[in-house]
Amino acid sequence: MAKSNGGWPSDMLIEILLKLPVKSIIRFKCVSKTWCFLFKNPSFVSQHFNLSKKNNYLLVDYVNNEHKYVMHLFAYQTLVSCRDLRQNLPTHFADRYLSFCVDNGLFCLLNPNDSGITLWNPATRESRILPECNQNFPPEILSCLHTLGFGLDPLSNDYKVIYIRTFFDRESKRRGRHHAIYRISTDSWRVLEEEDVHFFRDLHVSPNFNNTCVNGVYYWQVYKLFDYKVLAFHLGTEVFQLIESPISGHGKLLPLHDGRISMWDTEGFQRERSNEIWVLYDEGNWTKLLKIEPLLEVDRMFGFWKNGKVFVESESGELLLYDLHTKEFTDFGIKASEDMDLEVYTYEETLVDIGRG
């Protein structure tokens, strides 16, 4: 058994280091060049991330009654309050509204004011400003809607951003769509061709907070008039797929604990939703998981916690935990500002080095 660092067996030392939080590992980078290289080793980073999933967080994004933007972290297993993640945001996002996606410990942030995109690792406090993507984009537009997708490609172990912009061209007086893929490994964009996207070009894409990434596939809900579908982008092959939707209205796409994607028909007015939860299996087939009885005091739902409990938002903007068995509510002490929704995500710390753009 190899030994180093004062006689400690190397494998035992690595096992100890793997269990440390990111903050502690960053401090230990200066101990030696060997440790510094170890902490950047892809195998170590991957093993550390897999262990950190056991100590993940619940992230609640909302605007409080003082009209301040908050990204509050709770320890996922205990729901003990931790800290406000917004305090560590890159400075160019401070005190601003932002749209974001989160996957495998990294955030993809969009500034709606200037369309700038930034990748951010809150655990290491590193950020990377992405280059602009204006190839084949009209020089004169009247308006533009931005939609993101973001996730880890399991085939190449590369993070990718999908950027969809819907615009109105001032010159042609027509609506258009621009699609591009960014790879962190090359720090570059690839603009998609018409043949890649023609089959869903006329469909509207739901806002970022209704979509998610699961097992290397990013999912959006898309629609045209009253025809709803699910658009999937496979990060490994960079191919889009259109899937029939199990519901006939706006829903929320959420990951389940077993790694499958689910559709929650729990959005909108009570009379318009079924409160059904559907699970997607292979070949685009949906199966109904369960139906939750109508709850008059609940406005929206955000997925399962554990022991038959569901995260919900009350009609007055409070985040609650609802027990499907006892029918009881637990209050988090969080209340969103009037007319402002709150959103719930899961977050795990990672050592992934994204450099600085």
# chains A, B, ... in the order shown; residues from 1 in each chain; ligands from 1

$ residues_around --residues "stretch 68-71 of chain A" --least-positions-apart "3" --cutoff "7 Å" --atoms "only C-alpha atoms" --output "list in words"
Leu59, Val60, Asp61, Tyr62, Val63, Asn64, Asp84, Leu85, Arg86 and Asp95 of chain A

$ write_last_selection --atoms "N, CA, C and O atoms" --output "PDB file, in the first residue's frame"
ATOM      1  N   LEU A  59     -33.044  24.279  -3.166  1.00  0.00           N
ATOM      2  CA  LEU A  59     -32.851  25.686  -3.524  1.00  0.00           C
ATOM      3  C   LEU A  59     -34.213  26.321  -3.793  1.00  0.00           C
ATOM      4  O   LEU A  59     -34.962  25.843  -4.645  1.00  0.00           O
ATOM      5  N   VAL A  60     -34.525  27.389  -3.071  1.00  0.00           N
ATOM      6  CA  VAL A  60     -35.788  28.112  -3.255  1.00  0.00           C
ATOM      7  C   VAL A  60     -35.474  29.495  -3.797  1.00  0.00           C
ATOM      8  O   VAL A  60     -34.799  30.290  -3.141  1.00  0.00           O
ATOM      9  N   ASP A  61     -35.934  29.765  -5.004  1.00  0.00           N
ATOM     10  CA  ASP A  61     -35.689  31.041  -5.684  1.00  0.00           C
ATOM     11  C   ASP A  61     -36.980  31.865  -5.648  1.00  0.00           C
ATOM     12  O   ASP A  61     -38.016  31.413  -6.137  1.00  0.00           O
ATOM     13  N   TYR A  62     -36.904  33.074  -5.082  1.00  0.00           N
ATOM     14  CA  TYR A  62     -38.111  33.886  -4.957  1.00  0.00           C
ATOM     15  C   TYR A  62     -37.760  35.353  -4.689  1.00  0.00           C
ATOM     16  O   TYR A  62     -36.593  35.704  -4.456  1.00  0.00           O
ATOM     17  N   VAL A  63     -38.787  36.197  -4.735  1.00  0.00           N
ATOM     18  CA  VAL A  63     -38.663  37.605  -4.356  1.00  0.00           C
ATOM     19  C   VAL A  63     -39.437  37.783  -3.054  1.00  0.00           C
ATOM     20  O   VAL A  63     -40.628  37.461  -2.987  1.00  0.00           O
ATOM     21  N   ASN A  64     -38.758  38.278  -2.007  1.00  0.00           N
ATOM     22  CA  ASN A  64     -39.434  38.390  -0.717  1.00  0.00           C
ATOM     23  C   ASN A  64     -40.282  39.654  -0.623  1.00  0.00           C
ATOM     24  O   ASN A  64     -40.361  40.444  -1.576  1.00  0.00           O
ATOM     25  N   ASP A  84     -28.255  32.157   1.923  1.00  0.00           N
ATOM     26  CA  ASP A  84     -28.743  32.735   0.677  1.00  0.00           C
ATOM     27  C   ASP A  84     -27.623  32.656  -0.357  1.00  0.00           C
ATOM     28  O   ASP A  84     -26.583  33.300  -0.214  1.00  0.00           O
ATOM     29  N   LEU A  85     -27.844  31.884  -1.399  1.00  0.00           N
ATOM     30  CA  LEU A  85     -26.822  31.666  -2.423  1.00  0.00           C
ATOM     31  C   LEU A  85     -26.582  32.914  -3.261  1.00  0.00           C
ATOM     32  O   LEU A  85     -25.517  33.072  -3.871  1.00  0.00           O
ATOM     33  N   ARG A  86     -27.542  33.813  -3.298  1.00  0.00           N
ATOM     34  CA  ARG A  86     -27.397  35.028  -4.115  1.00  0.00           C
ATOM     35  C   ARG A  86     -26.239  35.908  -3.650  1.00  0.00           C
ATOM     36  O   ARG A  86     -25.716  36.697  -4.430  1.00  0.00           O
ATOM     37  N   ASP A  95     -28.292  41.815  -7.398  1.00  0.00           N
ATOM     38  CA  ASP A  95     -29.544  42.573  -7.272  1.00  0.00           C
ATOM     39  C   ASP A  95     -30.286  42.714  -8.595  1.00  0.00           C
ATOM     40  O   ASP A  95     -30.949  43.724  -8.841  1.00  0.00           O
TER      41      ASP A  95
END

$ select_by_dssp --residues "stretch 20-80 of chain A" --states "helix (DSSP H, G or I)" --output "number ranges by chain"
A: 22-30, 33-40, 42-55

$ write_last_selection --atoms "N, CA, C and O atoms" --output "compact mmCIF listing (two decimals), in the first residue's frame"
# COMPACT_ATOMS: atom_id res chain seq x y z
N VAL A 22 -16.63 21.04 -0.55
CA VAL A 22 -15.82 21.74 -1.55
C VAL A 22 -15.01 22.86 -0.90
O VAL A 22 -13.83 23.07 -1.24
N LYS A 23 -15.61 23.58 0.01
CA LYS A 23 -14.94 24.71 0.65
C LYS A 23 -13.63 24.29 1.32
O LYS A 23 -12.60 24.97 1.22
N SER A 24 -13.65 23.14 1.98
CA SER A 24 -12.45 22.65 2.66
C SER A 24 -11.39 22.19 1.65
O SER A 24 -10.19 22.46 1.82
N ILE A 25 -11.82 21.52 0.60
CA ILE A 25 -10.87 21.04 -0.41
C ILE A 25 -10.16 22.20 -1.09
O ILE A 25 -8.95 22.14 -1.36
N ILE A 26 -10.88 23.27 -1.36
CA ILE A 26 -10.27 24.45 -1.98
C ILE A 26 -9.17 25.01 -1.10
O ILE A 26 -8.10 25.42 -1.57
N ARG A 27 -9.40 25.00 0.20
CA ARG A 27 -8.38 25.50 1.14
C ARG A 27 -7.12 24.62 1.11
O ARG A 27 -6.01 25.10 1.29
N PHE A 28 -7.31 23.32 0.88
CA PHE A 28 -6.20 22.39 0.92
C PHE A 28 -5.40 22.35 -0.38
O PHE A 28 -4.40 21.63 -0.47
N LYS A 29 -5.83 23.10 -1.39
CA LYS A 29 -5.09 23.12 -2.65
C LYS A 29 -3.65 23.59 -2.47
O LYS A 29 -2.74 23.18 -3.21
N CYS A 30 -3.45 24.46 -1.50
CA CYS A 30 -2.13 25.04 -1.30
C CYS A 30 -1.20 24.14 -0.48
O CYS A 30 -0.03 24.48 -0.25
N LYS A 33 1.57 20.52 -4.49
CA LYS A 33 1.20 20.40 -5.90
C LYS A 33 0.47 19.08 -6.16
O LYS A 33 -0.43 19.02 -7.00
N THR A 34 0.85 18.05 -5.42
CA THR A 34 0.20 16.75 -5.58
C THR A 34 -1.28 16.84 -5.27
O THR A 34 -2.13 16.32 -6.00
N TRP A 35 -1.60 17.50 -4.16
CA TRP A 35 -3.01 17.66 -3.77
C TRP A 35 -3.74 18.54 -4.77
O TRP A 35 -4.89 18.29 -5.10
N CYS A 36 -3.08 19.56 -5.23
CA CYS A 36 -3.70 20.48 -6.20
C CYS A 36 -4.08 19.73 -7.48
O CYS A 36 -5.19 19.88 -8.01
N PHE A 37 -3.17 18.88 -7.97
CA PHE A 37 -3.45 18.07 -9.16
C PHE A 37 -4.54 17.04 -8.88
O PHE A 37 -5.37 16.76 -9.75
N LEU A 38 -4.52 16.47 -7.68
CA LEU A 38 -5.52 15.47 -7.32
C LEU A 38 -6.92 16.06 -7.38
O LEU A 38 -7.85 15.43 -7.93
N PHE A 39 -7.08 17.28 -6.86
CA PHE A 39 -8.40 17.90 -6.79
C PHE A 39 -8.94 18.29 -8.17
O PHE A 39 -10.13 18.56 -8.33
N LYS A 40 -8.04 18.32 -9.18
CA LYS A 40 -8.47 18.61 -10.55
C LYS A 40 -8.63 17.35 -11.38
O LYS A 40 -9.09 17.42 -12.52
N PRO A 42 -10.21 14.36 -13.04
CA PRO A 42 -11.62 14.09 -13.36
C PRO A 42 -12.23 12.95 -12.54
O PRO A 42 -13.40 13.00 -12.17
N SER A 43 -11.42 11.92 -12.26
CA SER A 43 -11.92 10.79 -11.48
C SER A 43 -12.25 11.22 -10.05
O SER A 43 -13.29 10.84 -9.50
N PHE A 44 -11.35 12.02 -9.45
CA PHE A 44 -11.58 12.51 -8.09
C PHE A 44 -12.80 13.43 -8.07
O PHE A 44 -13.65 13.33 -7.17
N VAL A 45 -12.90 14.33 -9.05
CA VAL A 45 -14.03 15.27 -9.12
C VAL A 45 -15.34 14.51 -9.23
O VAL A 45 -16.34 14.84 -8.57
N SER A 46 -15.36 13.46 -10.08
CA SER A 46 -16.57 12.67 -10.27
C SER A 46 -16.96 11.91 -9.01
O SER A 46 -18.13 11.89 -8.60
N GLN A 47 -15.97 11.28 -8.36
CA GLN A 47 -16.25 10.54 -7.13
C GLN A 47 -16.74 11.47 -6.03
O GLN A 47 -17.68 11.14 -5.30
N HIS A 48 -16.13 12.63 -5.94
CA HIS A 48 -16.53 13.60 -4.91
C HIS A 48 -17.96 14.07 -5.15
O HIS A 48 -18.76 14.19 -4.21
N PHE A 49 -18.31 14.31 -6.42
CA PHE A 49 -19.66 14.77 -6.71
C PHE A 49 -20.70 13.70 -6.38
O PHE A 49 -21.76 14.00 -5.82
N ASN A 50 -20.39 12.44 -6.69
CA ASN A 50 -21.33 11.36 -6.40
C ASN A 50 -21.58 11.23 -4.89
O ASN A 50 -22.70 10.95 -4.46
N LEU A 51 -20.55 11.48 -4.10
CA LEU A 51 -20.71 11.44 -2.65
C LEU A 51 -21.47 12.67 -2.14
O LEU A 51 -22.26 12.57 -1.20
N SER A 52 -21.22 13.81 -2.77
CA SER A 52 -21.86 15.05 -2.31
C SER A 52 -23.36 15.04 -2.56
O SER A 52 -24.10 15.81 -1.94
N LYS A 53 -23.84 14.18 -3.48
CA LYS A 53 -25.27 14.10 -3.73
C LYS A 53 -26.03 13.69 -2.47
O LYS A 53 -27.22 14.00 -2.33
N LYS A 54 -25.35 12.97 -1.57
CA LYS A 54 -25.99 12.55 -0.33
C LYS A 54 -26.21 13.74 0.61
O LYS A 54 -27.00 13.64 1.56
N ASN A 55 -25.48 14.81 0.36
CA ASN A 55 -25.61 16.01 1.20
C ASN A 55 -26.04 17.20 0.33
O ASN A 55 -25.50 18.29 0.44

$ atom_distance --atom1 "atom CA of A:Tyr182" --atom2 "atom CA of A:Ile261"
23.6 Å

$ residues_around --residues "A:Asp299" --least-positions-apart "2" --cutoff "9 Å" --atoms "only C-alpha atoms" --output "ChimeraX atom specification"
/A:266-270,295-297,301,312-317

$ write_last_selection --atoms "N, CA and C atoms" --output "PDB file, in the first residue's frame"
ATOM      1  N   THR A 266     -50.213  20.332 -12.402  1.00  0.00           N
ATOM      2  CA  THR A 266     -50.586  21.022 -11.157  1.00  0.00           C
ATOM      3  C   THR A 266     -50.438  22.533 -11.293  1.00  0.00           C
ATOM      4  N   GLU A 267     -50.409  23.042 -12.526  1.00  0.00           N
ATOM      5  CA  GLU A 267     -50.255  24.471 -12.773  1.00  0.00           C
ATOM      6  C   GLU A 267     -51.609  25.079 -13.162  1.00  0.00           C
ATOM      7  N   GLY A 268     -51.750  26.385 -12.976  1.00  0.00           N
ATOM      8  CA  GLY A 268     -52.946  27.082 -13.438  1.00  0.00           C
ATOM      9  C   GLY A 268     -54.105  26.992 -12.470  1.00  0.00           C
ATOM     10  N   PHE A 269     -55.294  27.352 -12.951  1.00  0.00           N
ATOM     11  CA  PHE A 269     -56.484  27.377 -12.108  1.00  0.00           C
ATOM     12  C   PHE A 269     -56.893  25.958 -11.706  1.00  0.00           C
ATOM     13  N   GLN A 270     -57.470  25.843 -10.509  1.00  0.00           N
ATOM     14  CA  GLN A 270     -57.878  24.533  -9.994  1.00  0.00           C
ATOM     15  C   GLN A 270     -58.783  23.794 -10.978  1.00  0.00           C
ATOM     16  N   LEU A 295     -56.515  20.516  -3.691  1.00  0.00           N
ATOM     17  CA  LEU A 295     -56.238  21.255  -2.460  1.00  0.00           C
ATOM     18  C   LEU A 295     -56.532  22.724  -2.722  1.00  0.00           C
ATOM     19  N   LEU A 296     -57.615  23.224  -2.174  1.00  0.00           N
ATOM     20  CA  LEU A 296     -58.070  24.572  -2.484  1.00  0.00           C
ATOM     21  C   LEU A 296     -57.049  25.634  -2.097  1.00  0.00           C
ATOM     22  N   GLU A 297     -56.280  25.375  -1.033  1.00  0.00           N
ATOM     23  CA  GLU A 297     -55.337  26.384  -0.549  1.00  0.00           C
ATOM     24  C   GLU A 297     -53.984  26.314  -1.254  1.00  0.00           C
ATOM     25  N   MET A 301     -47.346  22.975  -7.315  1.00  0.00           N
ATOM     26  CA  MET A 301     -46.559  21.908  -6.692  1.00  0.00           C
ATOM     27  C   MET A 301     -45.198  21.809  -7.363  1.00  0.00           C
ATOM     28  N   VAL A 312     -45.120  22.388  -2.046  1.00  0.00           N
ATOM     29  CA  VAL A 312     -46.220  23.121  -2.661  1.00  0.00           C
ATOM     30  C   VAL A 312     -46.100  24.611  -2.328  1.00  0.00           C
ATOM     31  N   GLU A 313     -46.774  25.429  -3.127  1.00  0.00           N
ATOM     32  CA  GLU A 313     -46.871  26.867  -2.863  1.00  0.00           C
ATOM     33  C   GLU A 313     -48.340  27.191  -2.579  1.00  0.00           C
ATOM     34  N   SER A 314     -48.591  27.878  -1.473  1.00  0.00           N
ATOM     35  CA  SER A 314     -49.956  28.233  -1.117  1.00  0.00           C
ATOM     36  C   SER A 314     -50.445  29.378  -1.991  1.00  0.00           C
ATOM     37  N   GLU A 315     -51.737  29.632  -1.952  1.00  0.00           N
ATOM     38  CA  GLU A 315     -52.304  30.727  -2.740  1.00  0.00           C
ATOM     39  C   GLU A 315     -51.770  32.078  -2.294  1.00  0.00           C
ATOM     40  N   SER A 316     -51.258  32.167  -1.061  1.00  0.00           N
ATOM     41  CA  SER A 316     -50.700  33.424  -0.561  1.00  0.00           C
ATOM     42  C   SER A 316     -49.196  33.511  -0.760  1.00  0.00           C
ATOM     43  N   GLY A 317     -48.595  32.546  -1.501  1.00  0.00           N
ATOM     44  CA  GLY A 317     -47.176  32.617  -1.836  1.00  0.00           C
ATOM     45  C   GLY A 317     -46.242  31.992  -0.831  1.00  0.00           C
TER      46      GLY A 317
END

$ atom_distance --atom1 "atom CA of A:Leu119" --atom2 "atom CA of A:Val102"
9.7 Å

$ closest_residue --among "A:Phe302, A:Phe233, A:Phe74, A:Phe137" --to "A:Val197" --atoms "only C-alpha atoms"
A:Phe233

$ residues_around --residues "A:Asn56" --least-positions-apart "2" --cutoff "8 Å" --atoms "only C-alpha atoms" --output "list in words"
Ser52, Lys53, Lys54, Leu58, Ala75, Tyr76, Gln77, Thr346, Tyr347, Glu348 and Glu349 of chain A

$ select_by_dssp --residues "stretch 127-340 of chain A" --states "strand (DSSP E or B)" --output "number ranges by chain"
A: 127-129, 141-153, 158-169, 174-183, 188-191, 204-205, 212-214, 217-224, 227-234, 239-244, 252-255, 261-264, 276-280, 286-291, 298-304, 309-314, 318-323, 329-335

$ atom_distance --atom1 "atom CA of A:Gly249" --atom2 "atom CA of A:Thr287"
16.9 Å

$ residues_around --residues "A:His325" --least-positions-apart "3" --cutoff "9 Å" --atoms "only C-alpha atoms" --output "compact mmCIF listing (two decimals) with N, CA, C and O atoms, in the first residue's frame"
# COMPACT_ATOMS: atom_id res chain seq x y z
N GLY A 308 -43.61 10.38 1.22
CA GLY A 308 -44.92 10.77 0.76
C GLY A 308 -45.25 12.24 0.95
O GLY A 308 -46.42 12.60 1.12
N LYS A 309 -44.23 13.09 0.91
CA LYS A 309 -44.44 14.53 1.09
C LYS A 309 -44.09 15.29 -0.19
O LYS A 309 -43.19 14.90 -0.92
N TYR A 322 -46.40 19.34 2.00
CA TYR A 322 -47.69 18.69 2.21
C TYR A 322 -47.51 17.19 2.31
O TYR A 322 -46.88 16.56 1.46
N GLU A 328 -51.41 16.96 6.29
CA GLU A 328 -50.92 18.09 7.07
C GLU A 328 -49.88 18.88 6.29
O GLU A 328 -49.18 18.35 5.43

$ residues_around --residues "A:Lys252" --least-positions-apart "6" --cutoff "10 Å" --atoms "only C-alpha atoms" --output "ChimeraX atom specification"
/A:206,209-212,220-221,262-267,277,300-303

$ residues_around --residues "A:Cys133" --least-positions-apart "4" --cutoff "12 Å" --atoms "only C-alpha atoms" --output "PyMOL selection string"
chain A and resi 115-117+137-138+161-165+178-182+187-192

$ write_last_selection --atoms "N, CA, C and O atoms" --output "PDB file, in the first residue's frame"
ATOM      1  N   SER A 115     -28.913  39.931 -22.549  1.00  0.00           N
ATOM      2  CA  SER A 115     -28.833  38.587 -23.143  1.00  0.00           C
ATOM      3  C   SER A 115     -27.508  37.882 -22.842  1.00  0.00           C
ATOM      4  O   SER A 115     -27.185  36.892 -23.486  1.00  0.00           O
ATOM      5  N   GLY A 116     -26.756  38.393 -21.879  1.00  0.00           N
ATOM      6  CA  GLY A 116     -25.488  37.753 -21.541  1.00  0.00           C
ATOM      7  C   GLY A 116     -25.703  36.463 -20.757  1.00  0.00           C
ATOM      8  O   GLY A 116     -26.571  36.381 -19.892  1.00  0.00           O
ATOM      9  N   ILE A 117     -24.900  35.446 -21.081  1.00  0.00           N
ATOM     10  CA  ILE A 117     -24.994  34.145 -20.412  1.00  0.00           C
ATOM     11  C   ILE A 117     -23.706  33.883 -19.650  1.00  0.00           C
ATOM     12  O   ILE A 117     -22.607  34.094 -20.166  1.00  0.00           O
ATOM     13  N   PHE A 137     -27.720  35.690 -36.953  1.00  0.00           N
ATOM     14  CA  PHE A 137     -28.763  36.371 -36.181  1.00  0.00           C
ATOM     15  C   PHE A 137     -29.029  37.739 -36.814  1.00  0.00           C
ATOM     16  O   PHE A 137     -28.085  38.476 -37.116  1.00  0.00           O
ATOM     17  N   PRO A 138     -30.305  38.123 -37.025  1.00  0.00           N
ATOM     18  CA  PRO A 138     -30.622  39.394 -37.690  1.00  0.00           C
ATOM     19  C   PRO A 138     -30.041  40.584 -36.925  1.00  0.00           C
ATOM     20  O   PRO A 138     -30.074  40.611 -35.692  1.00  0.00           O
ATOM     21  N   VAL A 161     -24.815  24.175 -23.277  1.00  0.00           N
ATOM     22  CA  VAL A 161     -25.912  25.128 -23.171  1.00  0.00           C
ATOM     23  C   VAL A 161     -26.700  25.106 -24.475  1.00  0.00           C
ATOM     24  O   VAL A 161     -26.107  25.136 -25.554  1.00  0.00           O
ATOM     25  N   ILE A 162     -28.025  25.025 -24.374  1.00  0.00           N
ATOM     26  CA  ILE A 162     -28.888  25.165 -25.542  1.00  0.00           C
ATOM     27  C   ILE A 162     -29.556  26.534 -25.429  1.00  0.00           C
ATOM     28  O   ILE A 162     -30.212  26.822 -24.421  1.00  0.00           O
ATOM     29  N   TYR A 163     -29.379  27.365 -26.440  1.00  0.00           N
ATOM     30  CA  TYR A 163     -29.878  28.741 -26.403  1.00  0.00           C
ATOM     31  C   TYR A 163     -30.862  28.932 -27.551  1.00  0.00           C
ATOM     32  O   TYR A 163     -30.482  28.855 -28.722  1.00  0.00           O
ATOM     33  N   ILE A 164     -32.138  29.159 -27.197  1.00  0.00           N
ATOM     34  CA  ILE A 164     -33.187  29.363 -28.182  1.00  0.00           C
ATOM     35  C   ILE A 164     -33.697  30.792 -28.063  1.00  0.00           C
ATOM     36  O   ILE A 164     -34.151  31.206 -27.003  1.00  0.00           O
ATOM     37  N   ARG A 165     -33.601  31.538 -29.171  1.00  0.00           N
ATOM     38  CA  ARG A 165     -34.095  32.920 -29.182  1.00  0.00           C
ATOM     39  C   ARG A 165     -35.202  33.072 -30.225  1.00  0.00           C
ATOM     40  O   ARG A 165     -35.002  32.755 -31.401  1.00  0.00           O
ATOM     41  N   HIS A 178     -33.787  31.341 -33.483  1.00  0.00           N
ATOM     42  CA  HIS A 178     -32.348  31.099 -33.581  1.00  0.00           C
ATOM     43  C   HIS A 178     -31.975  30.056 -32.533  1.00  0.00           C
ATOM     44  O   HIS A 178     -32.303  30.197 -31.356  1.00  0.00           O
ATOM     45  N   HIS A 179     -31.292  28.984 -32.966  1.00  0.00           N
ATOM     46  CA  HIS A 179     -30.931  27.883 -32.070  1.00  0.00           C
ATOM     47  C   HIS A 179     -29.418  27.683 -32.102  1.00  0.00           C
ATOM     48  O   HIS A 179     -28.833  27.614 -33.185  1.00  0.00           O
ATOM     49  N   ALA A 180     -28.798  27.560 -30.944  1.00  0.00           N
ATOM     50  CA  ALA A 180     -27.349  27.350 -30.893  1.00  0.00           C
ATOM     51  C   ALA A 180     -26.977  26.486 -29.692  1.00  0.00           C
ATOM     52  O   ALA A 180     -27.674  26.485 -28.670  1.00  0.00           O
ATOM     53  N   ILE A 181     -25.863  25.760 -29.823  1.00  0.00           N
ATOM     54  CA  ILE A 181     -25.349  24.877 -28.780  1.00  0.00           C
ATOM     55  C   ILE A 181     -23.942  25.343 -28.382  1.00  0.00           C
ATOM     56  O   ILE A 181     -23.091  25.574 -29.246  1.00  0.00           O
ATOM     57  N   TYR A 182     -23.723  25.468 -27.082  1.00  0.00           N
ATOM     58  CA  TYR A 182     -22.404  25.851 -26.564  1.00  0.00           C
ATOM     59  C   TYR A 182     -21.791  24.667 -25.820  1.00  0.00           C
ATOM     60  O   TYR A 182     -22.473  23.965 -25.053  1.00  0.00           O
ATOM     61  N   ASP A 187     -15.400  26.231 -25.554  1.00  0.00           N
ATOM     62  CA  ASP A 187     -15.767  27.635 -25.350  1.00  0.00           C
ATOM     63  C   ASP A 187     -16.272  28.264 -26.643  1.00  0.00           C
ATOM     64  O   ASP A 187     -15.884  29.365 -27.028  1.00  0.00           O
ATOM     65  N   SER A 188     -17.133  27.528 -27.342  1.00  0.00           N
ATOM     66  CA  SER A 188     -17.630  28.018 -28.627  1.00  0.00           C
ATOM     67  C   SER A 188     -19.071  27.558 -28.857  1.00  0.00           C
ATOM     68  O   SER A 188     -19.549  26.596 -28.251  1.00  0.00           O
ATOM     69  N   TRP A 189     -19.743  28.267 -29.791  1.00  0.00           N
ATOM     70  CA  TRP A 189     -21.126  27.971 -30.148  1.00  0.00           C
ATOM     71  C   TRP A 189     -21.191  27.265 -31.501  1.00  0.00           C
ATOM     72  O   TRP A 189     -20.353  27.503 -32.367  1.00  0.00           O
ATOM     73  N   ARG A 190     -22.212  26.445 -31.655  1.00  0.00           N
ATOM     74  CA  ARG A 190     -22.550  25.878 -32.954  1.00  0.00           C
ATOM     75  C   ARG A 190     -23.994  26.236 -33.263  1.00  0.00           C
ATOM     76  O   ARG A 190     -24.908  25.845 -32.533  1.00  0.00           O
ATOM     77  N   VAL A 191     -24.204  27.013 -34.317  1.00  0.00           N
ATOM     78  CA  VAL A 191     -25.558  27.401 -34.707  1.00  0.00           C
ATOM     79  C   VAL A 191     -26.205  26.250 -35.467  1.00  0.00           C
ATOM     80  O   VAL A 191     -25.612  25.696 -36.396  1.00  0.00           O
ATOM     81  N   LEU A 192     -27.409  25.880 -35.081  1.00  0.00           N
ATOM     82  CA  LEU A 192     -28.087  24.749 -35.703  1.00  0.00           C
ATOM     83  C   LEU A 192     -28.680  25.123 -37.048  1.00  0.00           C
ATOM     84  O   LEU A 192     -29.119  26.258 -37.261  1.00  0.00           O
TER      85      LEU A 192
END

$ closest_residue --among "A:Thr237, A:Thr118, A:Asn104, A:Thr91" --to "A:Cys213" --atoms "only C-alpha atoms"
A:Asn104
